[in-house]
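Q: Just so it is clear, I am handing over query.cif, which has mmCIF, C-alpha atoms.
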```cif
data_start
loop_
_atom_site.label_atom_id
_atom_site.label_comp_id
_atom_site.auth_asym_id
_atom_site.auth_seq_id
_atom_site.Cartn_x
_atom_site.Cartn_y
_atom_site.Cartn_z
CA MET A 138 -31.32 3.83 49.86
CA SER A 139 -31.48 7.13 47.99
CA ALA A 140 -30.26 8.95 51.10
CA LEU A 141 -27.18 6.75 51.25
CA VAL A 142 -26.45 7.37 47.56
CA ASP A 143 -26.82 11.16 48.04
CA LYS A 144 -24.53 11.01 51.08
CA ALA A 145 -21.88 9.11 49.11
CA ALA A 146 -22.12 11.60 46.23
CA LYS A 147 -21.68 14.55 48.63
CA ALA A 148 -18.67 12.86 50.25
CA ASP A 149 -17.12 12.23 46.85
CA LYS A 150 -17.67 15.86 45.83
CA ALA A 151 -16.15 17.11 49.07
CA ALA A 152 -13.09 14.91 48.58
CA ARG A 153 -12.34 16.41 45.16
CA PRO A 154 -9.52 18.96 44.94
CA ALA A 155 -10.00 22.54 43.78
CA ASP A 156 -9.62 21.72 40.06
CA GLY A 157 -12.53 19.26 40.24
CA ARG A 158 -10.58 16.19 39.19
CA PRO A 159 -11.48 12.94 41.03
CA VAL A 160 -8.98 11.58 43.49
CA ALA A 161 -7.78 7.99 43.39
CA ARG A 162 -8.99 5.95 46.33
CA LYS A 163 -9.87 2.42 47.18
CA PRO A 164 -13.27 1.39 45.85
CA GLY A 165 -15.69 1.28 48.74
CA ARG A 166 -19.21 0.00 48.97
CA TRP A 167 -20.79 3.00 47.24
CA ALA A 168 -17.74 4.51 45.48
CA ALA A 169 -17.02 3.77 41.82
CA PRO A 170 -13.68 2.13 40.97
CA PRO A 171 -10.92 4.43 39.69
CA ARG A 172 -10.94 5.11 35.97
CA PRO A 173 -8.24 3.70 33.66
CA VAL A 174 -5.26 5.90 32.89
CA TRP A 175 -6.33 6.52 29.29
CA GLU A 176 -9.66 7.94 30.46
CA GLU A 177 -8.05 10.52 32.70
CA GLU A 178 -7.69 14.07 31.48
CA PRO A 179 -4.16 14.68 30.14
CA ALA A 180 -1.93 17.04 32.05
CA LYS A 181 -1.05 20.45 30.66
CA ALA A 182 2.55 19.38 30.13
CA GLY A 183 1.38 16.39 28.07
CA LEU A 184 -0.88 18.57 25.92
CA ALA A 185 1.94 21.04 25.37
CA GLY A 186 4.33 18.24 24.40
CA LYS A 187 1.85 16.82 21.89
CA GLY A 188 1.32 20.26 20.40
CA VAL A 189 5.05 20.82 20.01
CA ALA A 190 5.57 17.38 18.43
CA LEU A 191 2.71 17.87 15.95
CA GLY A 192 3.94 21.37 15.16
CA LEU A 193 7.44 20.10 14.39
CA ALA A 194 6.04 17.29 12.23
CA CYS A 195 3.88 19.74 10.25
CA PHE A 196 6.82 22.09 9.86
CA ALA A 197 9.07 19.29 8.57
CA ILE A 198 6.42 18.36 5.97
CA LEU A 199 5.24 21.82 4.89
CA PHE A 200 8.54 23.71 4.88
CA PRO A 201 10.03 21.85 1.86
CA LEU A 202 6.73 22.27 -0.01
CA TRP A 203 6.79 25.98 0.82
CA ILE A 204 10.30 26.30 -0.62
CA VAL A 205 9.31 24.48 -3.82
CA VAL A 206 6.21 26.64 -4.40
CA VAL A 207 7.93 29.94 -3.54
CA THR A 208 10.94 29.21 -5.75
CA SER A 209 8.68 28.38 -8.69
CA LEU A 210 7.06 31.83 -8.38
CA GLN A 211 10.29 33.86 -8.31
CA THR A 212 12.13 35.68 -11.08
CA LYS A 213 15.56 34.70 -12.29
CA LYS A 214 17.09 37.73 -10.59
CA THR A 215 15.61 36.82 -7.20
CA ILE A 216 16.77 33.20 -7.49
CA ASP A 217 20.28 34.29 -8.46
CA GLU A 218 20.44 36.71 -5.53
CA ALA A 219 19.29 33.99 -3.12
CA GLY A 220 21.90 31.62 -4.50
CA GLY A 221 19.36 28.90 -5.28
CA LEU A 222 16.20 27.97 -3.38
CA VAL A 223 14.13 30.91 -2.10
CA VAL A 224 12.60 30.81 1.38
CA VAL A 225 11.20 34.34 1.68
CA PRO A 226 9.29 35.49 -1.43
CA ARG A 227 10.19 38.86 -2.87
CA SER A 228 8.48 39.22 -6.23
CA ILE A 229 5.74 36.91 -7.47
CA THR A 230 5.67 35.92 -11.13
CA PHE A 231 3.91 33.12 -13.00
CA VAL A 232 6.24 33.11 -15.99
CA ALA A 233 7.41 29.56 -15.34
CA TYR A 234 3.84 28.24 -15.26
CA GLN A 235 2.86 30.26 -18.33
CA GLU A 236 5.72 28.76 -20.28
CA LEU A 237 4.96 25.25 -19.10
CA LEU A 238 1.23 25.46 -19.82
CA GLY A 239 1.53 27.59 -22.93
CA GLY A 240 1.84 24.57 -25.18
CA GLY A 241 4.66 22.23 -26.04
CA GLN A 242 6.02 19.08 -24.52
CA VAL A 243 5.19 19.77 -20.87
CA GLN A 244 1.53 20.48 -21.55
CA ARG A 245 1.30 17.41 -23.79
CA ALA A 246 2.99 15.31 -21.10
CA ALA A 247 0.49 16.56 -18.50
CA LEU A 248 -2.40 15.55 -20.75
CA VAL A 249 -0.83 12.14 -21.28
CA SER A 250 -0.49 11.65 -17.51
CA VAL A 251 -4.10 12.68 -16.91
CA GLY A 252 -5.40 10.34 -19.60
CA VAL A 253 -3.30 7.39 -18.45
CA THR A 254 -4.35 7.99 -14.83
CA LEU A 255 -8.07 8.13 -15.61
CA VAL A 256 -8.16 5.18 -18.01
CA GLY A 257 -5.73 3.11 -15.95
CA THR A 258 -7.57 3.70 -12.67
CA LEU A 259 -10.92 2.77 -14.23
CA PHE A 260 -9.48 -0.40 -15.77
CA SER A 261 -7.61 -1.43 -12.61
CA MET A 262 -10.63 -0.85 -10.39
CA THR A 263 -12.87 -2.87 -12.71
CA VAL A 264 -10.51 -5.85 -12.76
CA SER A 265 -9.76 -5.65 -9.04
CA VAL A 266 -13.41 -5.41 -7.98
CA LEU A 267 -14.50 -8.31 -10.18
CA CYS A 268 -11.60 -10.48 -9.04
CA ALA A 269 -12.07 -9.62 -5.36
CA TYR A 270 -15.82 -10.29 -5.47
CA GLY A 271 -15.29 -13.67 -7.13
CA LEU A 272 -12.67 -14.64 -4.55
CA SER A 273 -14.90 -13.48 -1.70
CA ARG A 274 -17.48 -16.13 -2.67
CA THR A 275 -15.81 -19.19 -1.18
CA GLY A 276 -17.93 -21.59 -3.23
CA SER A 277 -16.96 -20.13 -6.61
CA LEU A 278 -15.21 -22.24 -9.25
CA GLY A 279 -11.45 -22.50 -8.74
CA HIS A 280 -11.58 -20.09 -5.83
CA ARG A 281 -8.76 -21.66 -3.84
CA TRP A 282 -6.36 -22.23 -6.75
CA ILE A 283 -6.82 -18.71 -8.12
CA LEU A 284 -6.22 -17.24 -4.68
CA MET A 285 -3.04 -19.29 -4.21
CA THR A 286 -1.80 -18.21 -7.65
CA LEU A 287 -2.34 -14.55 -6.85
CA LEU A 288 -0.58 -14.90 -3.51
CA ALA A 289 2.39 -16.57 -5.24
CA THR A 290 2.85 -13.54 -7.51
CA MET A 291 3.41 -11.37 -4.43
CA PHE A 292 6.57 -13.32 -3.57
CA PHE A 293 7.84 -14.51 -6.97
CA GLY A 294 8.18 -12.35 -10.07
CA ALA A 295 9.32 -13.10 -13.61
CA GLY A 296 11.81 -10.25 -13.69
CA LEU A 297 12.36 -7.24 -15.91
CA ILE A 298 13.72 -8.96 -19.02
CA PRO A 299 10.90 -11.56 -19.40
CA THR A 300 8.36 -8.83 -18.75
CA TYR A 301 9.90 -6.61 -21.43
CA LEU A 302 9.99 -9.50 -23.90
CA LEU A 303 6.33 -10.23 -23.21
CA VAL A 304 5.32 -6.60 -23.74
CA GLN A 305 7.37 -6.52 -26.94
CA ALA A 306 5.85 -9.78 -28.20
CA LEU A 307 2.34 -8.39 -27.62
CA GLY A 308 3.20 -5.32 -29.68
CA LEU A 309 2.64 -2.90 -26.81
CA THR A 310 5.93 -1.01 -27.09
CA ASP A 311 5.52 2.65 -28.04
CA THR A 312 1.82 2.50 -27.12
CA TYR A 313 -0.03 3.94 -24.17
CA LEU A 314 -1.22 0.46 -23.21
CA ALA A 315 2.35 -0.26 -22.12
CA LEU A 316 1.83 2.33 -19.37
CA ILE A 317 -1.32 0.59 -18.09
CA LEU A 318 -1.36 -3.17 -18.64
CA PRO A 319 1.98 -4.25 -17.07
CA SER A 320 1.00 -2.69 -13.73
CA ALA A 321 -2.78 -2.77 -14.00
CA VAL A 322 -3.51 -5.06 -11.05
CA SER A 323 -2.17 -5.06 -7.50
CA VAL A 324 -2.68 -8.32 -5.61
CA PHE A 325 -2.49 -6.43 -2.31
CA ASN A 326 -5.42 -4.21 -3.33
CA ILE A 327 -7.40 -7.27 -4.43
CA LEU A 328 -6.86 -8.91 -1.04
CA VAL A 329 -7.99 -5.78 0.78
CA LEU A 330 -11.16 -5.62 -1.35
CA ARG A 331 -11.77 -9.33 -0.84
CA SER A 332 -11.50 -9.02 2.93
CA PHE A 333 -13.94 -6.11 2.94
CA PHE A 334 -16.42 -7.95 0.70
CA MET A 335 -16.28 -11.01 2.96
CA GLY A 336 -17.21 -8.78 5.91
CA ILE A 337 -20.57 -7.89 4.33
CA SER A 338 -23.46 -9.72 5.99
CA PRO A 339 -24.16 -13.02 4.18
CA GLU A 340 -27.83 -12.76 5.18
CA LEU A 341 -28.12 -9.57 3.11
CA ILE A 342 -26.75 -11.31 0.01
CA ASP A 343 -28.85 -14.42 0.60
CA SER A 344 -32.01 -12.33 0.86
CA ALA A 345 -31.15 -10.68 -2.45
CA ARG A 346 -30.69 -14.10 -4.05
CA ILE A 347 -34.07 -15.22 -2.73
CA ASP A 348 -35.59 -12.17 -4.41
CA GLY A 349 -34.09 -13.28 -7.71
CA ALA A 350 -30.98 -11.08 -7.92
CA GLY A 351 -27.93 -12.45 -9.71
CA ASP A 352 -24.29 -11.91 -8.94
CA TRP A 353 -24.00 -8.86 -11.19
CA ARG A 354 -27.00 -7.18 -9.58
CA ILE A 355 -25.80 -8.06 -6.07
CA LEU A 356 -22.36 -6.62 -6.82
CA TRP A 357 -23.73 -3.41 -8.35
CA LYS A 358 -26.68 -2.76 -6.04
CA ILE A 359 -25.52 -4.15 -2.69
CA VAL A 360 -21.79 -4.84 -2.42
CA MET A 361 -20.40 -1.72 -4.10
CA PRO A 362 -22.67 0.80 -2.31
CA LEU A 363 -21.67 -0.75 1.03
CA SER A 364 -17.99 -0.62 0.06
CA ARG A 365 -17.63 3.02 -0.93
CA ALA A 366 -14.97 3.67 1.69
CA VAL A 367 -12.60 0.91 0.61
CA LEU A 368 -13.29 1.58 -3.08
CA ALA A 369 -12.31 5.23 -2.64
CA VAL A 370 -9.06 4.28 -0.91
CA ILE A 371 -8.09 1.66 -3.50
CA ALA A 372 -8.96 4.05 -6.34
CA LEU A 373 -6.68 6.65 -4.77
CA PHE A 374 -3.88 4.10 -4.53
CA TYR A 375 -4.22 3.22 -8.21
CA ALA A 376 -4.51 6.86 -9.29
CA VAL A 377 -1.41 7.92 -7.37
CA GLY A 378 0.48 4.94 -8.77
CA TYR A 379 -0.39 5.80 -12.37
CA TRP A 380 0.24 9.51 -11.89
CA SER A 381 3.66 8.95 -10.29
CA ALA A 382 4.76 6.12 -12.60
CA TRP A 383 7.81 6.76 -14.76
CA PHE A 384 9.63 3.43 -15.05
CA ASN A 385 7.32 1.82 -17.62
CA ALA A 386 7.54 4.84 -19.88
CA SER A 387 11.33 4.90 -19.65
CA ILE A 388 11.69 1.31 -20.91
CA TYR A 389 8.64 0.83 -23.15
CA LEU A 390 8.45 4.22 -24.91
CA THR A 391 10.97 5.72 -27.33
CA ASP A 392 8.82 8.52 -28.72
CA GLN A 393 9.53 11.69 -26.75
CA ASP A 394 6.07 13.10 -27.53
CA MET A 395 4.41 10.18 -25.72
CA MET A 396 6.27 10.65 -22.45
CA PRO A 397 4.15 11.37 -19.33
CA LEU A 398 4.76 14.29 -17.02
CA GLN A 399 6.98 12.42 -14.57
CA ASN A 400 9.51 11.53 -17.27
CA VAL A 401 9.59 15.08 -18.57
CA MET A 402 10.11 16.31 -15.02
CA ILE A 403 13.07 13.95 -14.63
CA GLN A 404 14.58 15.33 -17.83
CA LEU A 405 14.15 18.90 -16.64
CA VAL A 406 15.58 18.21 -13.19
CA GLN A 407 18.55 16.28 -14.59
CA LYS A 408 19.06 18.94 -17.30
CA GLN A 409 18.93 16.41 -20.10
CA GLU A 410 16.73 16.93 -23.16
CA ARG A 411 14.84 20.09 -22.43
CA PRO A 412 11.89 21.10 -24.62
CA VAL A 413 12.98 23.40 -27.42
CA GLY A 414 10.95 26.41 -26.28
CA LEU A 415 12.11 26.18 -22.69
CA ALA A 416 15.72 25.64 -23.73
CA ALA A 417 15.65 28.84 -25.76
CA GLN A 418 14.09 30.79 -22.90
CA ILE A 419 16.68 29.46 -20.44
CA ASN A 420 19.64 30.07 -22.74
CA THR A 421 18.62 33.70 -23.28
CA GLY A 422 18.36 34.29 -19.54
CA GLN A 423 14.60 34.91 -19.53
CA LEU A 424 13.84 31.93 -17.30
CA SER A 425 15.61 30.31 -14.39
CA PRO A 426 16.17 26.56 -14.79
CA LEU A 427 15.48 26.15 -11.07
CA ALA A 428 12.10 27.91 -11.34
CA ILE A 429 11.13 25.60 -14.18
CA GLN A 430 12.13 22.54 -12.18
CA MET A 431 10.15 23.67 -9.13
CA ALA A 432 7.11 24.53 -11.26
CA VAL A 433 7.09 21.05 -12.80
CA MET A 434 7.31 19.54 -9.31
CA VAL A 435 4.32 21.60 -8.20
CA MET A 436 2.35 20.42 -11.22
CA ALA A 437 3.22 16.81 -10.40
CA LEU A 438 2.26 17.16 -6.72
CA LEU A 439 -0.90 19.24 -7.16
CA PRO A 440 -3.41 16.51 -8.16
CA VAL A 441 -2.39 14.23 -5.30
CA ALA A 442 -2.48 17.10 -2.81
CA VAL A 443 -5.97 18.10 -3.97
CA LEU A 444 -7.51 14.60 -3.98
CA SER A 445 -6.00 13.23 -0.79
CA PRO A 446 -8.06 15.32 1.70
CA PHE A 447 -11.32 14.14 0.13
CA VAL A 448 -10.35 10.47 0.52
CA GLN A 449 -8.63 10.83 3.89
CA LYS A 450 -11.86 10.28 5.83
CA HIS A 451 -12.26 6.85 4.22
CA PHE A 452 -8.82 5.53 5.19
CA LYS A 453 -9.70 4.29 8.67
CA LYS A 454 -12.95 2.60 7.68
CA GLY A 455 -11.81 1.36 4.30
CA MET A 456 -8.17 0.41 4.56
CA LEU A 457 -7.94 -0.77 8.16
CA THR A 458 -11.28 -2.59 8.20
CA GLY A 459 -10.53 -4.29 4.90
CA ALA A 460 -7.09 -5.36 6.06
CA ILE A 461 -8.21 -6.73 9.45
CA LYS A 462 -11.28 -8.71 8.45
CA GLY A 463 -10.98 -12.13 6.87
#
```
Let's see the structure in the file written out as structure tokens.
A:
Amino acid sequence: MSALVDKAAKADKAARPADGRPVARKPGRWAAPPRPVWEEEPAKAGLAGKGVALGLACFAILFPLWIVVVTSLQTKKTIDEAGGLVVVPRSITFVAYQELLGGGQVQRAALVSVGVTLVGTLFSMTVSVLCAYGLSRTGSLGHRWILMTLLATMFFGAGLIPTYLLVQALGLTDTYLALILPSAVSVFNILVLRSFFMGISPELIDSARIDGAGDWRILWKIVMPLSRAVLAVIALFYAVGYWSAWFNASIYLTDQDMMPLQNVMIQLVQKQERPVGLAAQINTGQLSPLAIQMAVMVMALLPVAVLSPFVQKHFKKGMLTGAIKG
């Protein structure tokens, strides 16, 4: 028997071409069936095409970011000579960033955005995790009705005017809570967390209950450690949402000193109410308005660009698994 197997292996090796790739042939008595197409080694033309496509996609994404960063680091003279956006850097200066971070409205707005993002993300994650865990226990009180109510809010909304009247009646206008509470919970994120929690082995939870653990201990010691991937993804979603939010501040806040960074950036880009110090610098020709605008954009994009790579590895396990299960 072994001799026949060795003879078939030698015949298969002799039938291979010079590059060593197996040839397609009818499956015989001792020959293995041909492999599927997706298991075959890609051709050189296919690899080259994929490389070109990925290179063009990266270029289309990174080139605008390059222009924004380079323009924010140029002097007014260089920007005027280039006629606007600068592609090739000539002289590097950090004057725009020094003016933005040297105190004043922009620095205060950045601190407001950081505070709202941290507090809002913590509050939203707490509410979402507790709600999702309760809904993942199918025998909990009012489970079905609460779930149906949450699903209804995804398709039907009260509208802007009733929401504004509610915020005004609660006395939240001109407070930082108006930037957090109206958009604190996302039903979609709750459903993703619920699906992930329902995918955890029931035997593991039942064994913890037999040992005397309550729901709070099970959630803190078992469910949350096993759900780090989906928790990281949902936390990133909430953080990006709070950091990029500008609409709530534009309708609920009237105090200019309470505005977050995104609203100040809109004012700078649209050349509306510039901060007093920056307006004086721009009017005297010491700063370029375009450099200031690009610098504010960099400041707004930097936190998301820094945090995203650390959470990227959790997207496949957390987001996709949580969305498919259940």
Q: Would you mind listing what lies within 6 Å of range 374-378 of chain A as a list in words, with only C-alpha atoms counted and same-chain residues fewer than 4 positions away left out?
A: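 Here the answer would be Thr254, Thr258 and Ala382 of chain A.
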Q: Give the answer as one residue: which of A:Val370, A:Ile229, A:Met431, A:Ala321 has the shortest atom-to-atom distance to Phe447 in chain A, using all atoms listed in the file?
A: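 Counting all atoms listed in the file, the residue closest to Phe447 in chain A is A:Val370.
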Q: CA of Val232 in chain A to CA of Gln211 in chain A: how many Å, to one decimal?
A: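 Calculated distance between CA of Val232 in chain A and CA of Gln211 in chain A is 8.7 Å.
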Q: Expressed in Å to a single decimal, how great is the separation between CA of Glu236 in chain A and CA of Gln399 in chain A?
A: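 Between these atoms lies a distance of 17.4 Å.
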Q: Hey, can you pull every residue with an atom no more than 9 Å from (-6.9, -6.3, 0.4), using all atoms listed in the file, and send it as a PDB file with C-alpha atoms, in the coordinates of the input?
A:
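File written: part.pdb
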```
ATOM      1  CA  ALA A 269     -12.070  -9.620  -5.360  1.00  0.00           C
ATOM      2  CA  VAL A 324      -2.680  -8.320  -5.610  1.00  0.00           C
ATOM      3  CA  PHE A 325      -2.490  -6.430  -2.310  1.00  0.00           C
ATOM      4  CA  ASN A 326      -5.420  -4.210  -3.330  1.00  0.00           C
ATOM      5  CA  ILE A 327      -7.400  -7.270  -4.430  1.00  0.00           C
ATOM      6  CA  LEU A 328      -6.860  -8.910  -1.040  1.00  0.00           C
ATOM      7  CA  VAL A 329      -7.990  -5.780   0.780  1.00  0.00           C
ATOM      8  CA  LEU A 330     -11.160  -5.620  -1.350  1.00  0.00           C
ATOM      9  CA  ARG A 331     -11.770  -9.330  -0.840  1.00  0.00           C
ATOM     10  CA  SER A 332     -11.500  -9.020   2.930  1.00  0.00           C
ATOM     11  CA  PHE A 333     -13.940  -6.110   2.940  1.00  0.00           C
ATOM     12  CA  ILE A 371      -8.090   1.660  -3.500  1.00  0.00           C
ATOM     13  CA  MET A 456      -8.170   0.410   4.560  1.00  0.00           C
ATOM     14  CA  GLY A 459     -10.530  -4.290   4.900  1.00  0.00           C
ATOM     15  CA  ALA A 460      -7.090  -5.360   6.060  1.00  0.00           C
TER      16      ALA A 460
END
```
Q: Pull the closest atom pair for each residue of range 242-305 of chain A that gets at most 12 Å from range 439-446 of chain A, along with the distance in Å to one decimal, counting all atoms listed in the file, ordering rows by chain and then ascending residue number, as JSON lines.
A:
```
{"residue": "A:Ala247", "atom": "CA", "partner": "A:Pro440", "partner_atom": "CA", "distance": 11.1}
{"residue": "A:Ser250", "atom": "CA", "partner": "A:Pro440", "partner_atom": "CA", "distance": 10.9}
{"residue": "A:Val251", "atom": "CA", "partner": "A:Pro440", "partner_atom": "CA", "distance": 9.6}
{"residue": "A:Thr254", "atom": "CA", "partner": "A:Pro440", "partner_atom": "CA", "distance": 10.9}
```
Q: Could you check which of A:Ile342, A:Ala182, A:Ala350, A:Ile337 is closest to Leu363 in chain A, using all atoms listed in the file?
A: A:Ile337
Q: Please list as a list in words every residue within 9 Å of Met434 in chain A, counting only C-alpha atoms and excluding residues in the same chain fewer than 3 positions away.
A: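 In the requested form, the answer reads Val205, Val206, Ser209, Gln399, Met402, Ile429, Gln430, Met431, Ala437, Leu438 and Leu439 of chain A.
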Q: Would you mind telling me which residue in A:Arg245, A:Lys213, A:Arg227, A:Lys181 lies nearest to Pro397 in chain A when using all atoms listed in the file?
A: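 Nearest candidate to Pro397 in chain A out of A:Arg245, A:Lys213, A:Arg227, A:Lys181: A:Arg245.
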Q: Go through A:Ala194, A:Val322, A:Gly183, A:Tyr389 one by one, measure the shortest atom-to-atom distance of each to Gly308 in chain A using all atoms listed in the file, and give the residue with the smallest value.
A: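 The closest residue to Gly308 in chain A is A:Tyr389.
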Q: Write out as a ChimeraX atom specification each polymer residue whose atoms come within 12 Å of Thr212 in chain A, counting all atoms listed in the file; drop sequence neighbours fewer than 2 positions from it.
A: /A:207-210,214-219,221-223,226-234,422-429
Q: If I only want range 267-287 of chain A, can you write it with N, CA, C and O atoms, as a PDB file, in the first residue's frame?
A:
```pdb
ATOM      1  N   LEU A 267     -25.798  48.577  30.702  1.00  0.00           N
ATOM      2  CA  LEU A 267     -26.841  48.121  31.621  1.00  0.00           C
ATOM      3  C   LEU A 267     -28.117  47.756  30.867  1.00  0.00           C
ATOM      4  O   LEU A 267     -28.749  46.735  31.149  1.00  0.00           O
ATOM      5  N   CYS A 268     -28.491  48.584  29.892  1.00  0.00           N
ATOM      6  CA  CYS A 268     -29.703  48.300  29.118  1.00  0.00           C
ATOM      7  C   CYS A 268     -29.522  47.039  28.277  1.00  0.00           C
ATOM      8  O   CYS A 268     -30.418  46.190  28.212  1.00  0.00           O
ATOM      9  N   ALA A 269     -28.378  46.908  27.627  1.00  0.00           N
ATOM     10  CA  ALA A 269     -28.147  45.742  26.773  1.00  0.00           C
ATOM     11  C   ALA A 269     -28.094  44.454  27.585  1.00  0.00           C
ATOM     12  O   ALA A 269     -28.617  43.416  27.154  1.00  0.00           O
ATOM     13  N   TYR A 270     -27.489  44.488  28.770  1.00  0.00           N
ATOM     14  CA  TYR A 270     -27.426  43.278  29.595  1.00  0.00           C
ATOM     15  C   TYR A 270     -28.814  42.880  30.076  1.00  0.00           C
ATOM     16  O   TYR A 270     -29.164  41.690  30.098  1.00  0.00           O
ATOM     17  N   GLY A 271     -29.633  43.871  30.474  1.00  0.00           N
ATOM     18  CA  GLY A 271     -30.991  43.543  30.902  1.00  0.00           C
ATOM     19  C   GLY A 271     -31.818  42.956  29.771  1.00  0.00           C
ATOM     20  O   GLY A 271     -32.575  42.001  29.974  1.00  0.00           O
ATOM     21  N   LEU A 272     -31.663  43.501  28.557  1.00  0.00           N
ATOM     22  CA  LEU A 272     -32.417  42.983  27.421  1.00  0.00           C
ATOM     23  C   LEU A 272     -31.890  41.641  26.939  1.00  0.00           C
ATOM     24  O   LEU A 272     -32.612  40.899  26.262  1.00  0.00           O
ATOM     25  N   SER A 273     -30.631  41.327  27.245  1.00  0.00           N
ATOM     26  CA  SER A 273     -30.084  40.034  26.838  1.00  0.00           C
ATOM     27  C   SER A 273     -30.588  38.887  27.709  1.00  0.00           C
ATOM     28  O   SER A 273     -30.482  37.730  27.318  1.00  0.00           O
ATOM     29  N   ARG A 274     -31.137  39.194  28.873  1.00  0.00           N
ATOM     30  CA  ARG A 274     -31.745  38.179  29.737  1.00  0.00           C
ATOM     31  C   ARG A 274     -33.222  38.095  29.355  1.00  0.00           C
ATOM     32  O   ARG A 274     -34.037  38.937  29.773  1.00  0.00           O
ATOM     33  N   THR A 275     -33.572  37.117  28.563  1.00  0.00           N
ATOM     34  CA  THR A 275     -34.925  37.040  28.000  1.00  0.00           C
ATOM     35  C   THR A 275     -36.006  36.897  29.055  1.00  0.00           C
ATOM     36  O   THR A 275     -37.171  37.172  28.788  1.00  0.00           O
ATOM     37  N   GLY A 276     -35.674  36.479  30.244  1.00  0.00           N
ATOM     38  CA  GLY A 276     -36.690  36.320  31.286  1.00  0.00           C
ATOM     39  C   GLY A 276     -36.837  37.527  32.174  1.00  0.00           C
ATOM     40  O   GLY A 276     -37.573  37.466  33.169  1.00  0.00           O
ATOM     41  N   SER A 277     -36.165  38.634  31.876  1.00  0.00           N
ATOM     42  CA  SER A 277     -36.238  39.818  32.721  1.00  0.00           C
ATOM     43  C   SER A 277     -37.597  40.498  32.598  1.00  0.00           C
ATOM     44  O   SER A 277     -38.335  40.308  31.624  1.00  0.00           O
ATOM     45  N   LEU A 278     -37.927  41.338  33.575  1.00  0.00           N
ATOM     46  CA  LEU A 278     -39.234  41.979  33.644  1.00  0.00           C
ATOM     47  C   LEU A 278     -39.404  42.994  32.515  1.00  0.00           C
ATOM     48  O   LEU A 278     -38.558  43.884  32.331  1.00  0.00           O
ATOM     49  N   GLY A 279     -40.463  42.884  31.757  1.00  0.00           N
ATOM     50  CA  GLY A 279     -40.754  43.826  30.685  1.00  0.00           C
ATOM     51  C   GLY A 279     -39.777  43.786  29.537  1.00  0.00           C
ATOM     52  O   GLY A 279     -39.658  44.771  28.794  1.00  0.00           O
ATOM     53  N   HIS A 280     -39.074  42.670  29.391  1.00  0.00           N
ATOM     54  CA  HIS A 280     -38.025  42.567  28.381  1.00  0.00           C
ATOM     55  C   HIS A 280     -38.552  42.847  26.977  1.00  0.00           C
ATOM     56  O   HIS A 280     -37.993  43.645  26.224  1.00  0.00           O
ATOM     57  N   ARG A 281     -39.650  42.212  26.626  1.00  0.00           N
ATOM     58  CA  ARG A 281     -40.160  42.326  25.260  1.00  0.00           C
ATOM     59  C   ARG A 281     -40.699  43.726  24.961  1.00  0.00           C
ATOM     60  O   ARG A 281     -40.439  44.291  23.888  1.00  0.00           O
ATOM     61  N   TRP A 282     -41.430  44.321  25.910  1.00  0.00           N
ATOM     62  CA  TRP A 282     -42.013  45.632  25.678  1.00  0.00           C
ATOM     63  C   TRP A 282     -40.931  46.707  25.607  1.00  0.00           C
ATOM     64  O   TRP A 282     -41.024  47.641  24.789  1.00  0.00           O
ATOM     65  N   ILE A 283     -39.936  46.617  26.443  1.00  0.00           N
ATOM     66  CA  ILE A 283     -38.841  47.592  26.397  1.00  0.00           C
ATOM     67  C   ILE A 283     -38.086  47.485  25.085  1.00  0.00           C
ATOM     68  O   ILE A 283     -37.723  48.494  24.463  1.00  0.00           O
ATOM     69  N   LEU A 284     -37.853  46.261  24.630  1.00  0.00           N
ATOM     70  CA  LEU A 284     -37.155  46.071  23.365  1.00  0.00           C
ATOM     71  C   LEU A 284     -37.953  46.639  22.196  1.00  0.00           C
ATOM     72  O   LEU A 284     -37.399  47.303  21.305  1.00  0.00           O
ATOM     73  N   MET A 285     -39.261  46.412  22.187  1.00  0.00           N
ATOM     74  CA  MET A 285     -40.103  46.947  21.120  1.00  0.00           C
ATOM     75  C   MET A 285     -40.124  48.478  21.145  1.00  0.00           C
ATOM     76  O   MET A 285     -40.141  49.138  20.100  1.00  0.00           O
ATOM     77  N   THR A 286     -40.126  49.053  22.346  1.00  0.00           N
ATOM     78  CA  THR A 286     -40.111  50.511  22.468  1.00  0.00           C
ATOM     79  C   THR A 286     -38.818  51.095  21.920  1.00  0.00           C
ATOM     80  O   THR A 286     -38.820  52.113  21.208  1.00  0.00           O
ATOM     81  N   LEU A 287     -37.703  50.464  22.240  1.00  0.00           N
ATOM     82  CA  LEU A 287     -36.424  50.940  21.718  1.00  0.00           C
ATOM     83  C   LEU A 287     -36.360  50.815  20.203  1.00  0.00           C
ATOM     84  O   LEU A 287     -35.859  51.722  19.516  1.00  0.00           O
TER      85      LEU A 287
END
```
